[in-house]
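Shown next, in structure tokens, is the structure this report addresses.
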Amino acid sequence: MKKSDFLSFINSRITVFDGAFGTELQRAVGDPGTLPERLNIERPDVIRQIHRRYAEAGADVITANTFGANPLKAGERAEELIRAAVRLARESAPDKFIALDVGPTGRLAEPAGDMTFEEAYASFAAVIRAGADADAILIETMSDMTELRAALLAARECSDLPVLATMTFAEDMRTFTGVSAECFALAASPLADCIGVNCSLGPKELLPVVGKLVTLTDKPVIVQPNAGLPDSHGNYPVDADEFAEYAEKFIDLGVRIIGGCCGTTPEHTARLAAAARRRAPAPSKYIPAAAVCSATKYVTVDRVRVIGERINPTGKKAMKEALLGGDYSYAARQAVEQAEAGADILDINAGLPGIDERKVLTELVRRVARVVDLPLQIDSSDPSALEGALRIYPGKAIINSVSGEEKSLSAVLPLAAKYGAAVVGLTVDERGVPGTAEERVEIAERIISRAAEYGIPERDVYIDCLTLTVGAEQRQALHTLEAIRTIKSRHDVRTVLGVSNISFGLPARRPINTAFLTAALWAGLDLPILNPNLPENMQAIAAFNVLVCRDNGCAEWARKYADANTETTETHGRGGISATDGEDLRSLVIRGLPSAAETKRILAEGVPPLDIVNGMLIPALAAVGDAYETGRAFLPQLLASADSAKESFTVIRAAMPAAAAAKGVIVMATVKGDVHDIGKNIACTVLENYGYKVIDLGKNVPPEDVAAAVRKHGAKLCGLSALMTTTVPNMAETIALLRRECPDCRIMVGGAVLTEDYAADIGADYYCKDALADVRIAEEIYGK
Amino acid sequence: MKVDRKEMLRYLGGGTGGEYTDRRIEEAIALAERVSAPRCVFRHFDVSDDRIGSYDPESRDVNSLLRGCRAAYLFAATIGSGAEKEEEKAFVCGDTLGAVLLDTAASCLIESYADEMCEKLARDENVTLTARFSCGYGDYPLSHQNDICRLLDTRRRIGLYVSEGGMLMPRKSVTAVMGVLADGYSPADVSRHTADKCMRCAAKNCAYRKAEQTYGENNEKK
């Protein structure tokens with residue numbers, strides 16, 4: 001069979017997939033153990049028998065017994081088991097299509113779990129190569145977007161076979177990791193030939209999510225429900241008759257391919273086949289929408305959407321230093337602040353001279369996606385960096401950007417097409433920045449038509465008509481606005497614009513920016529790129545939404561601004577509360593209250609930063625520390641004070657870096673295999689407050705990475721944390737490696753299962769019973 | 001499903017120390033409740049020759065729990081990873097207190113959810129159950145998380161995974177074995193779910209270990 005045979009088959013009729021394999025296998029052999037696929041070798045008779053019964057029942061497609069046969073579950077046997085499975089399916093049903101069954105790896109992907117995209121990809125690639133003799137690839141029962149995309153990309157890159165991809169949805173219409181039908185359809189449709197839903201619930205409960213899905217994808221939709229949810233004895237409630245009734249309803253909805261999952265039997269398949277033969281496929285119900293998404297958040301570009309601009313090192317010293325120093329939490333914080341200020345999408349840029357942009361941009365995308373669910377705009381002029389980030393991004397991203405230059409068009413547009421991303425089209429070309437609106441429109445149209453050649457629809461092209469500085473080229477502002485108007489009137493594209501460059505070099509820039517933003521919105525700007533933490537930006541957009549009747553009855557405006565004097569100072573999400581007038585900094589920190597405003601005030605009064613640190617912050621921390629150690633204060637107070645002091649230190653460091661010079665470097669990590677890092681995080685906060693520079697490597701950190709960081713930073717102290725008995729061996733391994741490679745570094749350990757004796761047994765120098773113990777050790781090594 | 005304030009304070013070392021932290025605790029509880037997606041799964045097995053169905057727990061403590069039981073349930077519950085994500089967000093924003101409070105509130109939530117679901121299970125199935133007994137208690141090896149999750153198909157059923165290191169993911173999750181003491185639901189016996197788990201635990205220096213006398217009536221009944 002050829003790929004085209006399979007695809008034309010499913011386009012010409014309602015196609016029937018077989019039913020459950022796992023539950024049939026259990027019926028035949030009892031508990032099949034940890035690796036049911038080994039029966040492909042040990043009991044081929046049983047496997048053949050199940051396939052034959054489904055083929056005789058009328059299935060058009062027989063699914064090989066390869067659901068869990070991946071290297072992460074089956075190790076080296078995976079390929080042998082897969083080849084055997086495909087062969088058995090073919091022998092049992094020579095006149096049917098054979099699908100390679102690709103189930104989840106069995107491990108949970110980051111950030112909730114410990115599996116990386118790359119590990120998942122490698123596993124799926126091995127499965128797909130081993131299953132090359134099948135006629136189609138069925139990626140099924142997925143609940144995580146990262147894992148799904150790893151499987152889809154492996155299928156696309158390692159095979160030419162048609163690919164079907166199904167996810168498993170709960171009653172809230174999301175998968176267990178929070179993927180909605182919208183996000184699934186948007187991210188998976190470009191990479192798959194069919195998408196759909198399987199497992200989890202019975203047919204009745206899947207009707208709503210399927211009804212939604214058929215409107216969200218241009219691809220044929222497949223549904224394979226369970227025979228309901230099993231009771232406590234493992235019995236499934238939905239019989240073949242009831243199952244077939246719902247099959248009719250699915251076909252009414254526009255479903256093209258139907259089969260069964262857990263608990264279904266050849267009898268269910270027979271009834272499905274009978275129903276399918278009576279029916280012809282309904283026309284597609286797809287409603288195209290301009291949208292982007294993360295794994296869990298779907299954002300339509302049918303109104304003004306704000307792209308937050310702050311994760312970009314250009315002209316931002318702190319971000320630059322953070323990225324160069326490998327500190328991603330700074331950017332993560334900017335992400336959270338922008339999200340809380342109302343950004344809809346975040347731009348992510350790591351363009352710095354002397355940086356490995358592919359590596360840093362990819363890591364930056366990973367870290368930001370852990371803390372915000374907003375879709376991301378991946379911003380780079382390096383196609384390789386773009387691709388690195390697009391591969392691992394669990395959603396539909398925006399590429400920023402392609403230009404009208406041939407070199408850019410031919411490098412970037414294939415990436416947008418392959419990964420199903422939207423793309424910003426910058427209206428410049430080989431000749432540079434055009435001086436007129438007409439020329440910009442001409443370049444835009446060239447980008448639009450080249451994008452169409454790659455199959456990228458107009459709604460996924462976001463044209464940037466360029467903001468030039470009015471200080472230098474005053475007339476250009478009008479050309480930019482005119483170009484936006486023209487391109488929007490001729491095409492179904494969206495427009496995007498970095499706004500603040502308009503005022504570069506002028507005094508009092510913000511009023512100019514707001515005026516330009518407002519004018520651009522009226523000209524047809526859909527996606528302003530700006531700082532959402534400046535209130536006037538968000539106010540201008542909210543006001544625009546009122547005036548164009550987007551904000552019905554001014555409800556949103558009233559909700560946001562009813563009680564507020566519209567603010568004009570920059571907001572930063574958390575820590576902005578200040579009911580603290582009249583208290584000195586020392587008592588604010590002792591009481592654990594926000595301290596930034598007071599720190600700024602006394603700095604402005606001329607109090608020397610060192611006096612603040614030594615005269616207020618250190619004594620305050622010491623007072624709380626003493627109280628905690630003697631049982632007069634509790635953990636929440638200690639932490640509240642630590643957060644308060646940290647806030648104050650941040651203000652002081654920004655004002656005068658030398659005042660907060662580090663006493664010494666400490667590398668901190670939660671060891672490999674361990675994903676519980678709360679204790680380690682507490683220790684990091686407290687150590688930073690006592691003036692140490694903390695290099696926080698995060699959780700699940702391999703021993704080599706700890707040793708490399710200790711060497712790189714010349715740390716004399718390293719803190720390791722492990723929660724469970726099962727990960728303490730990794731701690732011991734990390735200590736052994738540090739002893740060999742960094743003999744001068746002392747090692748402190750902490751975590752729930754550790755004791756003084758246990759710590760000594762595995763070779764640590766110090767045991768930390770709590771966060772303050774770390775400080776005492778650091779003082780011993782680096783001095784107070 | 002609700003957070004027991006007393007339990008929460010115990011996790012936090014006994015007290016909060018002020019109005020500000022009290023307010024933050026209430027905020028953390030509200031957030032933990034909002035981002036939780038509780039789910040559970042259980043399955044009935046016959047017990048014979050120290051085996052639960054065909055599964056051997058390889059634990060004398062489990063065997064003694066099930067002594068005299070002809071059937072048992074395997075049970076797994078999770079509140080999802082919503083709280084973990086919020087915790088990470090709080091940490092990057094410098095809100096260590098918020099992160100720790102959220103973590104603590106989430107721990108209380110999963111405990112309370114598991115209690116409620118086990119009680120519901122007992123009522124729905126009309127049985128009287130032993131206390132929940134989990135991997136890592138006594139001599140019951142942590143590595144058996146894999147077996148329980150496989151037998152309950154927790155990945156597919158409730159999105160619960162086991163890490164390479166034998167930990168449950170999402171982190172705020174519980175798996176357990178419970179023996180069926182008798183047919184017929186008897187509310188008097190069900191409150192023993194958490195009664196003596198600290199006393200059975202090998203982590204004798206655990207910061208959260210309850211003192212023996214705190215068990216009160218539940219303990220005396222045995």
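Following the order of the structure tokens, first chain is A, next is B, and so on, with residues numbered from 1 inside each chain and ligands from 1 in the order they appear.
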May I have the residues of chain B within 7 Å of chain A, counting only C-alpha atoms, written as a ChimeraX atom specification? /B:12-17,21,42-44,81,85,88-89,92-97,156-159,161,163-166,169-170,203,206
Writing out the chosen residues with N, CA and C atoms as a compact mmCIF listing (two decimals), in the first residue's frame:
# COMPACT_ATOMS: atom_id res chain seq x y z
N LEU B 12 3.98 23.64 58.64
CA LEU B 12 4.75 24.89 58.62
C LEU B 12 5.55 25.08 59.91
N GLY B 13 5.59 24.07 60.75
CA GLY B 13 6.43 24.16 61.93
C GLY B 13 5.69 24.64 63.16
N GLY B 14 4.37 24.74 63.08
CA GLY B 14 3.62 25.01 64.30
C GLY B 14 2.91 26.34 64.36
N GLY B 15 3.35 27.32 63.58
CA GLY B 15 2.67 28.61 63.70
C GLY B 15 2.97 29.51 62.52
N THR B 16 2.33 30.64 62.44
CA THR B 16 2.56 31.55 61.34
C THR B 16 3.18 32.85 61.83
N GLY B 17 2.69 33.36 62.93
CA GLY B 17 3.29 34.53 63.53
C GLY B 17 2.80 35.85 62.99
N THR B 21 1.16 36.94 57.43
CA THR B 21 1.34 35.55 57.00
C THR B 21 0.01 34.79 57.05
N PHE B 42 -9.48 3.45 41.23
CA PHE B 42 -9.24 2.33 42.15
C PHE B 42 -9.69 1.05 41.48
N ARG B 43 -9.20 -0.05 42.02
CA ARG B 43 -9.60 -1.32 41.43
C ARG B 43 -9.62 -2.41 42.50
N HIS B 44 -10.58 -3.26 42.36
CA HIS B 44 -10.79 -4.35 43.30
C HIS B 44 -9.96 -5.56 42.87
N SER B 81 -1.01 18.98 38.34
CA SER B 81 0.24 19.72 38.53
C SER B 81 0.04 21.23 38.54
N LYS B 85 2.97 24.40 39.06
CA LYS B 85 3.26 25.48 38.13
C LYS B 85 3.17 26.84 38.83
N GLU B 88 6.25 27.39 40.97
CA GLU B 88 7.44 27.79 40.21
C GLU B 88 7.34 29.27 39.84
N LYS B 89 6.13 29.70 39.48
CA LYS B 89 5.89 31.09 39.16
C LYS B 89 6.22 31.97 40.37
N VAL B 92 10.03 32.28 40.88
CA VAL B 92 10.77 33.19 39.99
C VAL B 92 10.42 34.64 40.28
N CYS B 93 9.27 34.88 40.88
CA CYS B 93 8.91 36.26 41.22
C CYS B 93 9.44 36.67 42.58
N GLY B 94 10.24 35.82 43.22
CA GLY B 94 10.82 36.17 44.51
C GLY B 94 9.86 35.97 45.66
N ASP B 95 8.77 35.25 45.42
CA ASP B 95 7.78 35.05 46.47
C ASP B 95 7.97 33.66 47.09
N THR B 96 9.06 33.49 47.82
CA THR B 96 9.36 32.19 48.41
C THR B 96 8.25 31.77 49.38
N LEU B 97 7.79 32.72 50.15
CA LEU B 97 6.73 32.42 51.11
C LEU B 97 5.49 31.88 50.39
N ARG B 156 -3.16 6.60 31.85
CA ARG B 156 -4.33 6.85 31.01
C ARG B 156 -5.53 7.31 31.81
N ARG B 157 -5.69 6.75 33.00
CA ARG B 157 -6.94 7.02 33.72
C ARG B 157 -6.94 8.37 34.45
N ILE B 158 -5.81 8.72 35.06
CA ILE B 158 -5.81 9.99 35.82
C ILE B 158 -4.58 10.86 35.55
N GLY B 159 -3.76 10.47 34.59
CA GLY B 159 -2.59 11.29 34.26
C GLY B 159 -1.52 11.25 35.34
N TYR B 161 1.99 9.61 36.74
CA TYR B 161 3.19 8.95 36.23
C TYR B 161 4.15 8.67 37.38
N SER B 163 8.30 8.74 38.10
CA SER B 163 9.57 9.20 37.52
C SER B 163 10.59 8.09 37.57
N GLU B 164 11.69 8.29 36.88
CA GLU B 164 12.80 7.32 36.92
C GLU B 164 13.22 7.06 38.36
N GLY B 165 13.15 8.10 39.18
CA GLY B 165 13.56 7.97 40.58
C GLY B 165 12.46 7.38 41.47
N GLY B 166 11.36 6.90 40.87
CA GLY B 166 10.30 6.26 41.66
C GLY B 166 9.35 7.24 42.32
N MET B 169 4.43 11.69 39.74
CA MET B 169 4.29 12.97 39.06
C MET B 169 2.89 13.02 38.45
N PRO B 170 2.10 14.04 38.62
CA PRO B 170 2.29 15.21 39.47
C PRO B 170 2.70 14.84 40.90
N ALA B 203 11.02 6.58 58.47
CA ALA B 203 11.75 7.85 58.57
C ALA B 203 11.55 8.44 59.96
N CYS B 206 11.84 12.23 60.59
CA CYS B 206 11.09 13.12 59.69
C CYS B 206 10.53 14.31 60.49
I need the residues of stretch 504-714 of chain A that end up classed as strand (DSSP E) by DSSP on the backbone, written out as a ChimeraX atom specification. /A:527-530,665-670,693-696
Please write the residues from the selection above to a file, keeping C-alpha atoms, as a PDB file, in the first residue's frame.
ATOM      1  CA  LEU A 527      -0.531  42.977  17.296  1.00  0.00           C
ATOM      2  CA  PRO A 528       1.334  45.839  18.972  1.00  0.00           C
ATOM      3  CA  ILE A 529       4.679  44.769  20.448  1.00  0.00           C
ATOM      4  CA  LEU A 530       5.126  46.824  23.602  1.00  0.00           C
ATOM      5  CA  VAL A 665      29.727  31.736  45.037  1.00  0.00           C
ATOM      6  CA  ILE A 666      27.589  28.730  45.956  1.00  0.00           C
ATOM      7  CA  VAL A 667      26.331  26.215  43.399  1.00  0.00           C
ATOM      8  CA  MET A 668      22.960  24.691  44.326  1.00  0.00           C
ATOM      9  CA  ALA A 669      21.152  21.765  42.690  1.00  0.00           C
ATOM     10  CA  THR A 670      18.469  19.167  43.251  1.00  0.00           C
ATOM     11  CA  LYS A 693      26.011  34.617  44.825  1.00  0.00           C
ATOM     12  CA  VAL A 694      23.888  31.550  44.205  1.00  0.00           C
ATOM     13  CA  ILE A 695      24.124  29.606  40.960  1.00  0.00           C
ATOM     14  CA  ASP A 696      20.849  27.680  40.981  1.00  0.00           C
TER      15      ASP A 696
END
Could you go through stretch 20-134 of chain B and tell me which residues DSSP, when run on the backbone, assigns to alpha helix (DSSP H), listing them as a ChimeraX atom specification? /B:20-35,60-65,82-92,96-125
Would you export the selected residues with C-alpha atoms as a tab-separated table (two decimals), in the first residue's frame, please?
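File out-v2.tsv, as written:
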chain	number	residue	atom	x	y	z
B	20	TYR	CA	0.33	39.22	57.14
B	21	THR	CA	1.34	35.55	57.00
B	22	ASP	CA	-2.17	34.50	58.02
B	23	ARG	CA	-3.55	36.41	55.07
B	24	ARG	CA	-0.98	34.84	52.78
B	25	ILE	CA	-1.97	31.38	54.02
B	26	GLU	CA	-5.59	32.00	53.11
B	27	GLU	CA	-4.54	33.28	49.67
B	28	ALA	CA	-2.39	30.20	49.12
B	29	ILE	CA	-5.23	27.87	50.10
B	30	ALA	CA	-7.62	29.63	47.73
B	31	LEU	CA	-5.12	29.44	44.87
B	32	ALA	CA	-4.31	25.77	45.52
B	33	GLU	CA	-8.01	24.95	45.44
B	34	ARG	CA	-8.52	26.90	42.24
B	35	VAL	CA	-5.70	25.25	40.28
B	60	ARG	CA	5.71	-7.98	55.22
B	61	ASP	CA	3.94	-4.82	56.34
B	62	VAL	CA	1.45	-5.01	53.48
B	63	ASN	CA	0.93	-8.69	54.19
B	64	SER	CA	0.16	-7.91	57.80
B	65	LEU	CA	-2.20	-5.12	56.74
B	82	GLY	CA	-1.51	23.11	38.68
B	83	ALA	CA	-0.08	23.93	42.10
B	84	GLU	CA	3.44	23.02	40.96
B	85	LYS	CA	3.26	25.48	38.13
B	86	GLU	CA	2.01	28.27	40.39
B	87	GLU	CA	4.76	27.41	42.85
B	88	GLU	CA	7.44	27.79	40.21
B	89	LYS	CA	5.89	31.09	39.16
B	90	ALA	CA	5.98	32.34	42.75
B	91	PHE	CA	9.64	31.33	43.11
B	92	VAL	CA	10.77	33.19	39.99
B	96	THR	CA	9.36	32.19	48.41
B	97	LEU	CA	6.73	32.42	51.11
B	98	GLY	CA	3.91	32.15	48.58
B	99	ALA	CA	5.56	29.12	46.97
B	100	VAL	CA	6.03	27.30	50.26
B	101	LEU	CA	2.51	28.05	51.44
B	102	LEU	CA	1.08	26.86	48.15
B	103	ASP	CA	3.09	23.65	48.35
B	104	THR	CA	1.88	23.05	51.87
B	105	ALA	CA	-1.74	23.80	51.00
B	106	ALA	CA	-1.51	21.40	48.04
B	107	SER	CA	-0.14	18.66	50.32
B	108	CYS	CA	-3.10	19.14	52.62
B	109	LEU	CA	-5.51	19.11	49.67
B	110	ILE	CA	-4.34	15.79	48.23
B	111	GLU	CA	-4.46	14.21	51.68
B	112	SER	CA	-8.00	15.46	52.23
B	113	TYR	CA	-9.10	14.46	48.73
B	114	ALA	CA	-7.70	10.95	49.17
B	115	ASP	CA	-9.50	10.62	52.53
B	116	GLU	CA	-12.79	11.69	50.99
B	117	MET	CA	-12.44	9.42	47.98
B	118	CYS	CA	-11.56	6.39	50.10
B	119	GLU	CA	-14.55	7.00	52.28
B	120	LYS	CA	-16.72	7.35	49.19
B	121	LEU	CA	-15.23	4.17	47.77
B	122	ALA	CA	-16.06	2.31	50.98
B	123	ARG	CA	-19.62	3.60	50.93
B	124	ASP	CA	-20.20	3.02	47.19
B	125	GLU	CA	-18.73	-0.47	47.24
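Taking atom CA of A:Lys418 and atom CA of A:Asp218 as endpoints, the distance between them is 16.1 Å.
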In Å and to one decimal, atom CA of B:Arg39 is distant from atom CA of A:Pro36 by 26.3 Å
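Between atom CA of B:Leu66 and atom CA of B:Tyr140 the separation is 13.0 Å.
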Residues near A:Gly263, anyone? I mean within 9 Å using only C-alpha atoms, not counting same-chain ones fewer than 3 positions away, as a count of residues only. 17
Find the spatial neighbours of A:Gln49, counting only C-alpha atoms, within a cut-off of 9 Å - ignore same-chain residues fewer than 5 positions away - and output them as JSON, numbers by chain. {"A": [44, 54, 92]}
Those same residues - N, CA and C atoms - I'd like them written as an mmCIF file, in the first residue's frame.
data_model
loop_
_atom_site.group_PDB
_atom_site.id
_atom_site.type_symbol
_atom_site.label_atom_id
_atom_site.label_comp_id
_atom_site.auth_asym_id
_atom_site.auth_seq_id
_atom_site.Cartn_x
_atom_site.Cartn_y
_atom_site.Cartn_z
ATOM 1 N N PRO A 44 2.726 -15.592 19.565
ATOM 2 C CA PRO A 44 2.211 -15.020 18.307
ATOM 3 C C PRO A 44 0.813 -15.539 17.970
ATOM 4 N N TYR A 54 -10.690 -9.139 14.638
ATOM 5 C CA TYR A 54 -11.049 -7.759 14.250
ATOM 6 C C TYR A 54 -11.188 -7.638 12.729
ATOM 7 N N SER A 92 -1.887 -11.752 9.603
ATOM 8 C CA SER A 92 -3.242 -12.062 10.061
ATOM 9 C C SER A 92 -4.297 -11.393 9.195
#
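All residues of protein, DNA or RNA that reach within 12 Å of B:Arg51, judged by only C-alpha atoms and not counting those fewer than 6 positions away in the chain, are Phe45, Pro57, Glu58, Ser59, Arg60, Val62, Asn63, Ser64, Leu66, Arg67, Cys69, Arg70, Ala71, Ala72, Tyr73, Val177 and Gly179 of chain B.
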